[in-house]
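Written out below as structure tokens is the structure these notes cover.
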Amino acid sequence: MTAAVLSLDGRSLQPVLNGEDTSYDTASIVKVDILATLLLQAQDAGRPLTARERALAEPMIRNSDNAATNALWREIGGAAGLEAANKRLGLTSTKGGPGPKWGLTQTTASDQIRLLLRVFDGAAASDTNSPLNQGSRAYIRALMTRVASDQAWGVSAASGSDHALKNGWLQRTTSGLWDVNSVGRVTVNGHRYLVAVLSDGSPSMNEGISVVERAARQAVAATTRT
């Protein structure tokens with residue numbers, strides 16, 4: 001398990017890490033990256049998202065809809081399209097999944113913080129020169145703050161009601177063990193933090209959720225004390 005926390009209200013771009021910053025399967029947290037890629041491609045073409053794209057993007061983030069993700073993964077050009085966008089977004093350790101397997105994209109907790117910095121507003125984010133325009137960033141934030149109630153777990157455990165998140169979970173067929181991840185923005189005592197918790201090897205999804213939530217609470221609490 002690796003947790004990364006960064007204060008949005010400070011100027012540092014280096015997250016506080018708990019655990020080794022190694023690569024994990026993204027599972028469904030890659031859906032934020034897919035949407036960022038789609039929006040960058042639309043910006044490059046000088047157009048807004050189409051009605052069809054929005055009809056796919058919204059359930060992809062709010063409900064973690066896999067069929068919608070399959071369609072948008074193809075539209076952005078799969079791993080090649082994702083990685084081209086990630087170079088512009090400043091991600092250095094994220095590799096797109098093979099063929100249609102977007103859930104096997106590899107990433108690190110630090111890279112997930114870098115992605116979130118290109119989406120959320122704050123003193124730290126103002127130093128990142130995000131290639132996403134304000135409308136694109138606001139669209140991603142709006143969807144992440146309105147995830148379906150059955151998706152409202154993970155890093156939000158470290159926050160009150162004011163949070164934005166995307167979760168991911170995947171049972172590996174070879175081992176039967178679970179990858180469980182959560183990324184987003186939380187607010188604690190009026191201060192905003194970006195949080196990414198990545199994990200693998202849990203015997204069940206529920207156990208993985210418990211690991212992620214405990215890690216998020218501990219990592220944010222440790223950061224607020226410094």
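If you're wondering about the labels, chains in the structure tokens are A, B, ... by order shown, residues count from 1 in each chain, ligands from 1 in order shown.
For region 126-133 of chain A, the non-local neighbours within 8 Å, defined as residues at least 2 positions apart in the same chain or in other chains and counting only C-alpha atoms, are Arg11, Ala36, Leu39, Leu40, Arg88, Leu89, Leu117, Arg118, Val119, Asp121, Gly122, Ala123, Ala124, Gly135, Ser136 and Arg137 of chain A.
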Thr105 (chain A) environment, 8 Å, only C-alpha atoms, sequence neighbours closer than 6 positions dropped, as a ChimeraX atom specification: /A:25-27,30,94-98
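By only C-alpha atoms, and with residues fewer than 4 positions from Thr108 (chain A) along its chain excluded, the set lying at most 10 Å from it is Thr2, Ala3, Ala4, Glu20, Asp21, Thr22, Ser23, Tyr24, Asp25, Thr26, Leu91, Thr92, Ser93, Thr94, Lys95, Gln112, Ile113, Arg114, Ala196, Val197 and Leu198 of chain A.
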Pick from A:Gln134, A:Thr37, A:Ser156, A:Thr107, whichever lies nearest to Leu82 (chain A) using only C-alpha atoms: A:Thr37
Please, which residues in region 87-148 of chain A fall within 10 Å of region 66-74 of chain A when counting only C-alpha atoms, and what is the closest atom pair and distance in Å to one decimal for each, ordered by chain then residue number, as a Markdown table?
```
| residue | atom | partner | partner_atom | distance |
| --- | --- | --- | --- | --- |
| A:Gly99 | CA | A:Arg74 | CA | 9.4 |
| A:Pro100 | CA | A:Asn70 | CA | 7.2 |
| A:Lys101 | CA | A:Asn70 | CA | 8.7 |
| A:Trp102 | CA | A:Trp73 | CA | 7.2 |
| A:Gly103 | CA | A:Asn66 | CA | 9.7 |
```
Glu58 (chain A) environment, 9 Å, only C-alpha atoms, sequence neighbours closer than 6 positions dropped, as an MDAnalysis selection string: chainID A and resid 64:65 68 143
Output all heavy atoms for every residue in the selection just made, as a compact mmCIF listing (two decimals), in the first residue's frame.
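Writing the result to out_0.txt gives the following:
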```
# COMPACT_ATOMS: atom_id res chain seq x y z
N SER A 64 -18.74 4.71 -12.39
CA SER A 64 -17.65 3.82 -12.76
C SER A 64 -18.10 2.81 -13.82
O SER A 64 -17.74 1.63 -13.79
CB SER A 64 -17.07 3.09 -11.54
OG SER A 64 -15.71 2.79 -11.73
N ASP A 65 -18.87 3.29 -14.78
CA ASP A 65 -19.44 2.44 -15.83
C ASP A 65 -18.34 1.96 -16.78
O ASP A 65 -17.66 2.75 -17.43
CB ASP A 65 -20.49 3.24 -16.60
CG ASP A 65 -21.21 2.38 -17.62
OD1 ASP A 65 -20.67 2.20 -18.74
OD2 ASP A 65 -22.30 1.89 -17.33
N ALA A 68 -19.05 2.40 -20.82
CA ALA A 68 -18.76 3.77 -21.24
C ALA A 68 -17.25 3.97 -21.35
O ALA A 68 -16.75 4.63 -22.27
CB ALA A 68 -19.37 4.77 -20.26
N LEU A 143 -17.83 16.22 -11.79
CA LEU A 143 -18.20 14.80 -11.80
C LEU A 143 -17.64 14.08 -10.58
O LEU A 143 -18.31 13.22 -9.99
CB LEU A 143 -17.71 14.14 -13.09
CG LEU A 143 -18.34 14.65 -14.38
CD1 LEU A 143 -17.82 13.85 -15.58
CD2 LEU A 143 -19.87 14.57 -14.33
```
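The shell of residues at most 8 Å from Val220 (chain A), with only C-alpha atoms counted and near chain neighbours (fewer than 4 positions) removed, consists of Val5, Ala158, Tyr193, Val195, Ala216 and Thr224 of chain A.
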Please produce a file of those selected residues containing all heavy atoms, as a compact mmCIF listing (two decimals), in the first residue's frame.
```
# COMPACT_ATOMS: atom_id res chain seq x y z
N VAL A 5 -0.07 12.38 0.00
CA VAL A 5 -0.90 13.52 0.39
C VAL A 5 -0.18 14.81 0.06
O VAL A 5 1.03 14.94 0.31
CB VAL A 5 -1.22 13.49 1.91
CG1 VAL A 5 -2.11 14.67 2.29
CG2 VAL A 5 -1.90 12.19 2.30
N ALA A 158 -11.27 10.35 5.07
CA ALA A 158 -10.42 11.31 5.78
C ALA A 158 -11.04 12.69 5.84
O ALA A 158 -10.45 13.62 6.39
CB ALA A 158 -9.05 11.39 5.11
N TYR A 193 -6.72 18.96 0.72
CA TYR A 193 -5.60 18.06 0.44
C TYR A 193 -5.94 17.16 -0.74
O TYR A 193 -7.09 16.70 -0.88
CB TYR A 193 -5.30 17.18 1.65
CG TYR A 193 -4.94 17.96 2.89
CD1 TYR A 193 -5.94 18.38 3.78
CD2 TYR A 193 -3.61 18.29 3.18
CE1 TYR A 193 -5.62 19.11 4.92
CE2 TYR A 193 -3.30 19.03 4.32
CZ TYR A 193 -4.30 19.44 5.17
OH TYR A 193 -3.99 20.16 6.29
N VAL A 195 -5.22 13.49 -2.22
CA VAL A 195 -4.86 12.22 -1.61
C VAL A 195 -4.95 11.12 -2.66
O VAL A 195 -5.92 11.05 -3.43
CB VAL A 195 -5.78 11.86 -0.43
CG1 VAL A 195 -5.26 10.62 0.30
CG2 VAL A 195 -5.92 13.03 0.54
N ALA A 216 -5.76 6.39 4.27
CA ALA A 216 -6.09 7.78 3.95
C ALA A 216 -6.23 8.61 5.22
O ALA A 216 -5.70 9.72 5.31
CB ALA A 216 -7.38 7.83 3.13
N THR A 224 -1.56 16.89 8.44
CA THR A 224 -2.13 18.07 9.11
C THR A 224 -1.35 18.42 10.36
O THR A 224 -1.42 19.56 10.82
CB THR A 224 -3.61 17.84 9.46
OG1 THR A 224 -3.73 16.72 10.34
CG2 THR A 224 -4.44 17.59 8.21
```
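Atom pair CA of Leu17 (chain A) / CA of Val212 (chain A): separated by 14.0 Å.
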Two-atom distance - CA of Leu6 (chain A), CA of Gln43 (chain A) (Å): 27.7 Å
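Of note, CA of Ala148 (chain A) and CA of Ile61 (chain A) are spaced 9.0 Å apart.
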Nearest candidate to Pro15 (chain A) (options A:Ser199, A:Thr223, A:Gln151, A:Gln41; using only C-alpha atoms):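 Closest to Pro15 (chain A), using only C-alpha atoms: A:Thr223.
The residue that comes closest to Ala215 (chain A), out of A:Pro48, A:Gly176, A:Gly154, A:Gly81 and on the basis of only C-alpha atoms, is A:Gly154.
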